[in-house]
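Here the structure is laid out as structure tokens; the discussion comes afterwards.
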2 protein chains.
Amino acid sequence: MDTWAPGAAGSAWDVDNLPYGVFSRADGQRHVGVRIGEHVLDLAPLARRQRLDTASALAATNLNPLMACGQDQLTGLRNWLRHALTDLAWQPEVAPYLTPLSEVELHLPIDVGDYVDFYASEHHASNVGRIFRPDQEPLLPNWKHLPVGYHGRSGTIVASDTGVRRPSGQRRGETGPVFGPSTRLDIEAELGFVVGRPSQHGSPVPMRHFQAHVFGVVGVNDWSARDIQAWEYVPLGPFLAKSFATSISHWVTPLAALEAAWVPMPRQVPRPLDYLDPDRAMALDIAIEVELNGHVVSRPPYRSMYWSPAQMLAHLTVNGASVRTGDLYASGTVSGPEPGQEGSLLELSHGWSTPFGPQRRLALEDGDTVTLRYTAPGALGGRIALGEVTGTILPAE
Amino acid sequence: MDTWAPGAAGSAWDVDNLPYGVFSRADGQRHVGVRIGEHVLDLAPLARRQRLDTASALAATNLNPLMACGQDQLTGLRNWLRHALTDLAWQPEVAPYLTPLSEVELHLPIDVGDYVDFYASEHHASNVGRIFRPDQEPLLPNWKHLPVGYHGRSGTIVASDTGVRRPSGQRRGETGPVFGPSTRLDIEAELGFVVGRPSQHGSPVPMRHFQAHVFGVVGVNDWSARDIQAWEYVPLGPFLAKSFATSISHWVTPLAALEAAWVPMPRQVPRPLDYLDPDRAMALDIAIEVELNGHVVSRPPYRSMYWSPAQMLAHLTVNGASVRTGDLYASGTVSGPEPGQEGSLLELSHGWSTPFGPQRRLALEDGDTVTLRYTAPGALGGRIALGEVTGTILPAE
């Protein structure tokens with residue numbers, strides 16, 4: 001049955017999608033909402049009226065309490081929403097809680113705990129290896145044995161549409177380091193996974209428990225200053241090259257909306273250790289578009305990633321590290337095997353050597369706007385849209 | 001005037017110390033307290049009765065609201081406490097809020113935002129370089145130009161006395177990685193700095209604003225699995241080797257208690273860039289004792305560190321990254337120039353080659369207990385104690 005919500009039926013934001021987010025109207029008060037078409041549904045008052053068991057979680061000003069709810073409650077809420085948005089009998093009750101997106105402001109949807117960034121694309125890691133170490137094997141010895149990752153800064157994660165100030169820092173000069181605004185500002189087109197149910201400190205989360213702990217996905221642009229990174233990253237990894245800002249989408253797409261998106265993984269050779277069991281690993285058929293100043297410059301396919309979302313979570317926790325509600329782990333740059341599927345400008349420009357796209361860009365310039373768009377197969381046969389991630393580069397202070 | 005608080009006058013926990021912490025009595029309710037002698041003073045009811053302007057911040061269940069207060073309020077509270085604990089006229093009013101430490105449980109004092117770990121000891125970095133790269137310069141080219149650092153996991157920061165489960169993970173084997181409990185479990189004796197007043201995203205915190213943003217210090221043991229670290233850390237830095245647990249002290253010593261502890265730094269050559277101005281850099285004369293199963297095995301001197309606390313904060317934010325109340329940044333392993341001043345077992349055992357101490361240890365064994373103790377010059381002429389950090393190794397699951 002088609003939804004009665006205005007303009008939503010057959011769109012990329014139909015009832016098979018229903019991502020959650022946080023919005024405010026003119027008074028600035030933050031509300032938890034769900035997106036349907038070009039509207040957001042205010043969930044707290046509706047849930048209270050309908051005495052849904054998620055009502056108190058939905059009264060929060062971010063998604064964390066909702067994400068921490070059990071799977072039964074979340075499934076119940078989603079089923080109720082699909083029913084209420086398709087059965088015309090519910091329209092008089094529900095429609096008053098719809099607000100057009102043009103009349104709201106959208107906010108950072110989650111209170112982020114720890115932020116981990118992986119490096120899970122073989123094509124990205126190989127491209128980067130070839131650019132930086134042209135005479136050696138492109139992949140390092142550990143790469144095919146574990147999903148390489150590191151912790152990023154959660155306090156500078158910002159919502160889509162937030163301006164991104166060009167960072168200053170040290171980079172290598174001819175006779176020593178020089179200080180100044182980054183001249184190699186880059187993007188990393190990524191997919192992020194948001195933890196709902198926490199795990200216990202000391203107890204690893206096996207791959208089969210992925211769905212029990214991960215609530216949903218967000219789009220991620222892990223802005224990167226490559227000149228700062230090159231000088232600082234040995235031996236403890238990227239730090240200031242990444243910590244100035246990471247943008248995520250306004251909308252968190254629950255895993256329940258991605259059930260039609262699971263596809264087989266590329267084969268993993270050599271076979272990883274048992275806790276990373278490749279027989280259980282599944283990929284997500286999420287298509288990404290990288291748009292630079294209105295021009296699509298790349299189409300990275302998430303399904304080409306080497307390490308699966310469940311493998312990343314199993315690895316992250318195999319030492320007993322716990323995850324908390326709101327923890328975010330991202331895939332690392334998504335790059336596919338073909339030209340035109342690169343997830344970073346470093347790769348699109350072949351190591352800053354070859355201008356790309358209609359504007360002949362190398363690195364990002366002040367005023368550049370980057371938008372990442374994501375789609376996935378939906379349960380109704382079409383493609384659902386995930387939240388997009390946009391940011392514009394502001395000049396260094 | 002001596003304090004009337006029982007047993008405190010002339011001790012390492014006199015009125016020139018007064019660290020803050022979080023405690024509970026039998027009912028489990030968490031309270032903010034200040035330590036005097038072997039007692040904790042329950043601050044919320046006292047502040048409410050006395051109508052102190054910090055009263056609502058002190059009613060919290062962690063120190064974050066207090067730490068976010070302005071310096072005037074914090075100075076006012078500290079002055080009031082010193083007065084109330086020394087003037088006998090206050091005793092009838094204040095003494096009922098004292099509880100012996102033996103009757104309370106102490107908790108993680110802060111809600112940690114981001115956790116950054118530096119690598120700021122030249123002696124430690126050189127020792128490690130000599131062990132791992134015996135044929136090369138012990139320090140990497142960037143080391144004397146910037147305080148090298150990385151983000152750690154804040155969700156697995158635990159309070160002193162929490163048991164530490166030996167982590168399992170991948171390490172390098174002869175024909176590929178092998179999986180199992182770490183066989184090279186180590187400590188890192190560090191000092192941590194806790195942020196009080198937040199900074200603005202996009203605005204660096206210059207060195208001269210250090211005191212305005214940092215509330216105080218904690219003891220830190222950054223437990224490390226060296227075998228996991230050696231296999232995973234190239235190219236993105238340490239990850240699972242550190243993320244299983246980091247222990248901090250129950251007590252947060254405010255900077256106000258450390259005014260007598262500032263001493264000149266070792267000279268920095270080559271001179272770092274202007275934002276790391278060495279003319280403003282000061283060290284802290286904090287002595288550390290590393291005790292393993294009751295035997296002192298090392299005495300690392302914090303004053304021998306190469307990079308200062310203000311330089312670390314200036315570097316951490318120079319790219320515009322913001323700090324939040326509760327953010328923690330640690331010094332990295334504190335090792336001094338002399339034998340017997342090493343802050344890790346890796347160094348004490350000369351790269352796992354030479355058993356050390358009365359128990360002839362190399363790496364940590366199950367059941368081992370490590371305690372880090374810290375003292376600093378106090379305003380009354382003696383030495384104040386900082387919170388100690390203790391942990392016992394539990395066998396792998």
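Residues in the structure tokens are named by chain (A, B, ... in the order shown) and by number from 1 within that chain; ligands are numbered from 1 in the order shown.
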With a distance cut-off of 7 Å and only C-alpha atoms, select the neighbouring residues of Gly180 (chain B), excluding the residue or stretch itself and same-chain residues fewer than 5 positions from it, and output the selection as a tab-separated table (two decimals) with N, CA and C atoms, in the first residue's frame.
```tsv
chain	number	residue	atom	x	y	z
B	168	SER	N	43.48	-10.38	24.03
B	168	SER	CA	43.90	-11.28	22.96
B	168	SER	C	43.93	-10.51	21.65
B	169	GLY	N	44.68	-11.02	20.71
B	169	GLY	CA	44.75	-10.35	19.42
B	169	GLY	C	45.74	-11.01	18.51
B	170	GLN	N	45.92	-10.38	17.35
B	170	GLN	CA	46.88	-10.88	16.37
B	170	GLN	C	48.28	-10.39	16.70
```
From the DSSP assignment of the backbone, select every residue of region 96-299 of chain B that is helix (DSSP H, G or I), and format the answer as a PyMOL selection string. chain B and resi 96-97+101-103+122-132+207-213+226-232+240-243+255-261+274-276+278-280
Selection: 6 Å around region 150-162 of chain A, only C-alpha atoms, excl. self and same-chain fewer than 6 positions, as a PyMOL selection string: (chain A and resi 108+115-117+243+245-249+389-391) or (chain B and resi 151-152+239)
Restrict the selected residues to C-alpha atoms and save them as a PDB file, in the first residue's frame.
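New file part27.pdb:
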```
ATOM      1  CA  LEU A 108      24.087  16.310  14.458  1.00  0.00           C
ATOM      2  CA  TYR A 115      35.125   7.362  16.657  1.00  0.00           C
ATOM      3  CA  VAL A 116      37.201   4.734  14.856  1.00  0.00           C
ATOM      4  CA  ASP A 117      38.209   5.010  11.231  1.00  0.00           C
ATOM      5  CA  SER A 243      41.091  15.928  13.761  1.00  0.00           C
ATOM      6  CA  ALA A 245      36.636  18.143  11.231  1.00  0.00           C
ATOM      7  CA  THR A 246      34.718  15.031  10.179  1.00  0.00           C
ATOM      8  CA  SER A 247      31.279  15.541   8.614  1.00  0.00           C
ATOM      9  CA  ILE A 248      28.422  13.062   8.933  1.00  0.00           C
ATOM     10  CA  SER A 249      24.948  12.983   7.445  1.00  0.00           C
ATOM     11  CA  VAL A 389      27.086  14.819   3.511  1.00  0.00           C
ATOM     12  CA  THR A 390      27.904  18.351   2.398  1.00  0.00           C
ATOM     13  CA  GLY A 391      30.603  20.769   3.428  1.00  0.00           C
TER      14      GLY A 391
ATOM     15  CA  HIS B 151      43.855   9.498  19.714  1.00  0.00           C
ATOM     16  CA  GLY B 152      43.134   6.660  22.124  1.00  0.00           C
ATOM     17  CA  PHE B 239      44.916   0.610  17.983  1.00  0.00           C
TER      18      PHE B 239
END
```
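Residue nearest chain A, chosen from B:Val318, B:Ile131, B:Ala376, B:Ala12 and counting only C-alpha atoms: B:Val318.
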Tell me which protein, DNA and RNA residues are within 12 Å of Asp327 (chain B), counting only C-alpha atoms, leaving out same-chain ones fewer than 4 positions away, and put them as a PDB file with N, CA and C atoms, in the first residue's frame.
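Final file, out-v1.pdb:
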```pdb
ATOM      1  N   GLY A 113      30.308   8.747  20.839  1.00  0.00           N
ATOM      2  CA  GLY A 113      31.248   8.278  21.863  1.00  0.00           C
ATOM      3  C   GLY A 113      32.634   8.215  21.255  1.00  0.00           C
ATOM      4  N   ARG A 153      38.999  11.800  16.209  1.00  0.00           N
ATOM      5  CA  ARG A 153      38.512  12.732  17.229  1.00  0.00           C
ATOM      6  C   ARG A 153      36.990  12.841  17.149  1.00  0.00           C
ATOM      7  N   SER A 154      36.302  12.476  18.215  1.00  0.00           N
ATOM      8  CA  SER A 154      34.836  12.518  18.157  1.00  0.00           C
ATOM      9  C   SER A 154      34.298  13.924  18.427  1.00  0.00           C
ATOM     10  N   GLY A 155      35.065  14.757  19.128  1.00  0.00           N
ATOM     11  CA  GLY A 155      34.575  16.094  19.487  1.00  0.00           C
ATOM     12  C   GLY A 155      34.500  17.060  18.324  1.00  0.00           C
TER      13      GLY A 155
ATOM     14  N   LEU B  63      32.868  15.010  37.774  1.00  0.00           N
ATOM     15  CA  LEU B  63      33.463  16.334  37.969  1.00  0.00           C
ATOM     16  C   LEU B  63      33.252  17.284  36.794  1.00  0.00           C
ATOM     17  N   ASN B  64      32.656  16.824  35.703  1.00  0.00           N
ATOM     18  CA  ASN B  64      32.606  17.684  34.517  1.00  0.00           C
ATOM     19  C   ASN B  64      31.948  19.031  34.748  1.00  0.00           C
ATOM     20  N   MET B  67      34.377  21.202  36.616  1.00  0.00           N
ATOM     21  CA  MET B  67      35.552  21.568  35.821  1.00  0.00           C
ATOM     22  C   MET B  67      35.215  22.635  34.783  1.00  0.00           C
ATOM     23  N   ALA B  68      33.943  22.669  34.356  1.00  0.00           N
ATOM     24  CA  ALA B  68      33.544  23.655  33.349  1.00  0.00           C
ATOM     25  C   ALA B  68      33.328  25.039  33.946  1.00  0.00           C
ATOM     26  N   ILE B 110      35.751  11.525  36.018  1.00  0.00           N
ATOM     27  CA  ILE B 110      35.305  12.398  34.922  1.00  0.00           C
ATOM     28  C   ILE B 110      34.594  11.585  33.847  1.00  0.00           C
ATOM     29  N   ASP B 111      33.757  12.283  33.110  1.00  0.00           N
ATOM     30  CA  ASP B 111      33.165  11.712  31.907  1.00  0.00           C
ATOM     31  C   ASP B 111      34.103  12.131  30.778  1.00  0.00           C
ATOM     32  N   VAL B 112      34.897  11.168  30.290  1.00  0.00           N
ATOM     33  CA  VAL B 112      35.971  11.506  29.346  1.00  0.00           C
ATOM     34  C   VAL B 112      35.394  11.763  27.959  1.00  0.00           C
ATOM     35  N   GLY B 113      35.776  12.892  27.367  1.00  0.00           N
ATOM     36  CA  GLY B 113      35.407  13.186  25.972  1.00  0.00           C
ATOM     37  C   GLY B 113      36.409  12.490  25.064  1.00  0.00           C
ATOM     38  N   ASP B 114      37.272  13.256  24.431  1.00  0.00           N
ATOM     39  CA  ASP B 114      38.330  12.650  23.620  1.00  0.00           C
ATOM     40  C   ASP B 114      39.559  12.396  24.473  1.00  0.00           C
ATOM     41  N   TYR B 115      40.256  11.319  24.154  1.00  0.00           N
ATOM     42  CA  TYR B 115      41.489  10.956  24.856  1.00  0.00           C
ATOM     43  C   TYR B 115      42.630  10.969  23.841  1.00  0.00           C
ATOM     44  N   VAL B 116      43.608  11.806  24.086  1.00  0.00           N
ATOM     45  CA  VAL B 116      44.788  11.895  23.226  1.00  0.00           C
ATOM     46  C   VAL B 116      46.002  11.474  24.042  1.00  0.00           C
ATOM     47  N   ASP B 117      46.865  10.698  23.430  1.00  0.00           N
ATOM     48  CA  ASP B 117      48.075  10.274  24.111  1.00  0.00           C
ATOM     49  C   ASP B 117      49.278  10.774  23.315  1.00  0.00           C
ATOM     50  N   HIS B 151      45.070   9.666  18.916  1.00  0.00           N
ATOM     51  CA  HIS B 151      43.855   9.498  19.714  1.00  0.00           C
ATOM     52  C   HIS B 151      43.754   8.073  20.247  1.00  0.00           C
ATOM     53  N   GLY B 152      43.397   7.958  21.516  1.00  0.00           N
ATOM     54  CA  GLY B 152      43.134   6.660  22.124  1.00  0.00           C
ATOM     55  C   GLY B 152      41.638   6.474  22.336  1.00  0.00           C
ATOM     56  N   ARG B 153      41.276   5.367  22.963  1.00  0.00           N
ATOM     57  CA  ARG B 153      39.856   5.036  23.160  1.00  0.00           C
ATOM     58  C   ARG B 153      39.384   5.545  24.507  1.00  0.00           C
ATOM     59  N   SER B 154      38.411   6.445  24.513  1.00  0.00           N
ATOM     60  CA  SER B 154      37.956   7.003  25.783  1.00  0.00           C
ATOM     61  C   SER B 154      36.961   6.082  26.485  1.00  0.00           C
ATOM     62  N   GLY B 155      36.270   5.235  25.724  1.00  0.00           N
ATOM     63  CA  GLY B 155      35.246   4.376  26.328  1.00  0.00           C
ATOM     64  C   GLY B 155      35.803   3.260  27.190  1.00  0.00           C
ATOM     65  N   ILE B 157      38.501   3.822  29.270  1.00  0.00           N
ATOM     66  CA  ILE B 157      39.246   4.410  30.381  1.00  0.00           C
ATOM     67  C   ILE B 157      38.541   3.992  31.669  1.00  0.00           C
ATOM     68  N   GLY B 192      48.341  12.689  33.058  1.00  0.00           N
ATOM     69  CA  GLY B 192      47.253  13.125  32.188  1.00  0.00           C
ATOM     70  C   GLY B 192      46.740  14.502  32.564  1.00  0.00           C
ATOM     71  N   PHE B 193      46.292  15.249  31.572  1.00  0.00           N
ATOM     72  CA  PHE B 193      45.766  16.601  31.765  1.00  0.00           C
ATOM     73  C   PHE B 193      44.297  16.615  31.362  1.00  0.00           C
ATOM     74  N   VAL B 194      43.456  17.141  32.256  1.00  0.00           N
ATOM     75  CA  VAL B 194      42.018  17.096  32.048  1.00  0.00           C
ATOM     76  C   VAL B 194      41.522  18.500  31.713  1.00  0.00           C
ATOM     77  N   VAL B 195      40.769  18.599  30.628  1.00  0.00           N
ATOM     78  CA  VAL B 195      40.261  19.893  30.180  1.00  0.00           C
ATOM     79  C   VAL B 195      39.035  20.294  30.992  1.00  0.00           C
ATOM     80  N   GLY B 196      39.027  21.545  31.452  1.00  0.00           N
ATOM     81  CA  GLY B 196      37.869  22.103  32.117  1.00  0.00           C
ATOM     82  C   GLY B 196      37.055  22.943  31.153  1.00  0.00           C
ATOM     83  N   ARG B 197      37.517  24.147  30.878  1.00  0.00           N
ATOM     84  CA  ARG B 197      36.763  25.058  30.016  1.00  0.00           C
ATOM     85  C   ARG B 197      36.982  24.670  28.555  1.00  0.00           C
ATOM     86  N   PRO B 198      35.888  24.485  27.798  1.00  0.00           N
ATOM     87  CA  PRO B 198      36.029  24.086  26.397  1.00  0.00           C
ATOM     88  C   PRO B 198      36.581  25.224  25.535  1.00  0.00           C
ATOM     89  N   SER B 199      37.074  24.874  24.360  1.00  0.00           N
ATOM     90  CA  SER B 199      37.506  25.880  23.390  1.00  0.00           C
ATOM     91  C   SER B 199      36.553  25.851  22.210  1.00  0.00           C
ATOM     92  N   HIS B 213      42.207  26.624  30.316  1.00  0.00           N
ATOM     93  CA  HIS B 213      41.460  25.476  29.769  1.00  0.00           C
ATOM     94  C   HIS B 213      41.702  24.167  30.506  1.00  0.00           C
ATOM     95  N   VAL B 214      42.877  24.035  31.120  1.00  0.00           N
ATOM     96  CA  VAL B 214      43.165  22.762  31.794  1.00  0.00           C
ATOM     97  C   VAL B 214      42.789  22.879  33.266  1.00  0.00           C
ATOM     98  N   PHE B 215      41.974  21.950  33.728  1.00  0.00           N
ATOM     99  CA  PHE B 215      41.519  21.977  35.113  1.00  0.00           C
ATOM    100  C   PHE B 215      42.528  21.351  36.051  1.00  0.00           C
ATOM    101  N   GLY B 216      43.101  20.223  35.640  1.00  0.00           N
ATOM    102  CA  GLY B 216      44.005  19.542  36.558  1.00  0.00           C
ATOM    103  C   GLY B 216      44.622  18.312  35.944  1.00  0.00           C
ATOM    104  N   VAL B 217      45.255  17.504  36.802  1.00  0.00           N
ATOM    105  CA  VAL B 217      45.999  16.348  36.306  1.00  0.00           C
ATOM    106  C   VAL B 217      45.543  15.066  37.000  1.00  0.00           C
ATOM    107  N   VAL B 218      45.737  13.966  36.284  1.00  0.00           N
ATOM    108  CA  VAL B 218      45.474  12.636  36.827  1.00  0.00           C
ATOM    109  C   VAL B 218      46.679  11.748  36.534  1.00  0.00           C
ATOM    110  N   LEU B 313      48.942  21.029  24.413  1.00  0.00           N
ATOM    111  CA  LEU B 313      47.603  21.568  24.158  1.00  0.00           C
ATOM    112  C   LEU B 313      47.605  22.496  22.938  1.00  0.00           C
ATOM    113  N   LEU B 316      47.781  20.230  19.860  1.00  0.00           N
ATOM    114  CA  LEU B 316      46.512  19.491  19.701  1.00  0.00           C
ATOM    115  C   LEU B 316      45.420  20.330  19.049  1.00  0.00           C
ATOM    116  N   SER B 322      38.777  21.519  18.525  1.00  0.00           N
ATOM    117  CA  SER B 322      38.316  22.053  19.803  1.00  0.00           C
ATOM    118  C   SER B 322      38.563  21.042  20.912  1.00  0.00           C
ATOM    119  N   VAL B 323      38.623  21.537  22.144  1.00  0.00           N
ATOM    120  CA  VAL B 323      38.615  20.649  23.306  1.00  0.00           C
ATOM    121  C   VAL B 323      37.313  20.869  24.070  1.00  0.00           C
TER     122      VAL B 323
END
```
Need to verify the contact set: region 70-77 of chain A, 10 Å, only C-alpha atoms, exclusion of same-chain residues closer than 4 positions in sequence. Can you return it as a VMD selection string? chain A and resid 47 52 to 55 66 81 to 83 196 to 197 211 to 213 215 254 256
Distance query Met312 (chain B) at most 12 Å, only C-alpha atoms, self and fewer than 2 positions along chain excluded, as a VMD selection string: chain B and resid 116 to 121 145 to 150 192 to 193 204 to 207 210 214 275 to 278 281 to 283 305 to 310 314 to 318 328 to 332
Can you list every residue of region 228-307 of chain A that has an atom at most 6 Å from region 340-359 of chain A, with its nearest atom pair and the distance in Å to one decimal, using only C-alpha atoms, ordered by chain then number, as a tab-separated table?
```
residue	atom	partner	partner_atom	distance
A:Val297	CA	A:Gly357	CA	5.9
A:Ser298	CA	A:Gly340	CA	4.8
A:Arg299	CA	A:Gln341	CA	4.7
A:Pro300	CA	A:Gln341	CA	4.2
```
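Using only C-alpha atoms, the nearest neighbour of chain B within the list A:Ala261, A:Leu240, A:Leu18, A:Leu380 is A:Leu240.
The two atoms in question, CA of Glu388 (chain A) and CA of Asp222 (chain A), are spaced 13.6 Å apart.
Closest approach to chain B among A:Met265, A:Leu255, A:Ala385, A:Val164 is made by A:Val164 (distances from only C-alpha atoms).
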Near Leu46 (chain A), counting only C-alpha atoms, which residues have an atom at most 10 Å away, once you skip same-chain residues fewer than 2 positions from it, shown as a ChimeraX atom specification? /A:41-44,48-52,55,58,93-94,96-97
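The smallest atom-to-atom distance between Ser102 (chain A) and any of A:Ala125, A:Ala26, A:Trp90, A:Leu140, using only C-alpha atoms, is found for A:Ala26.
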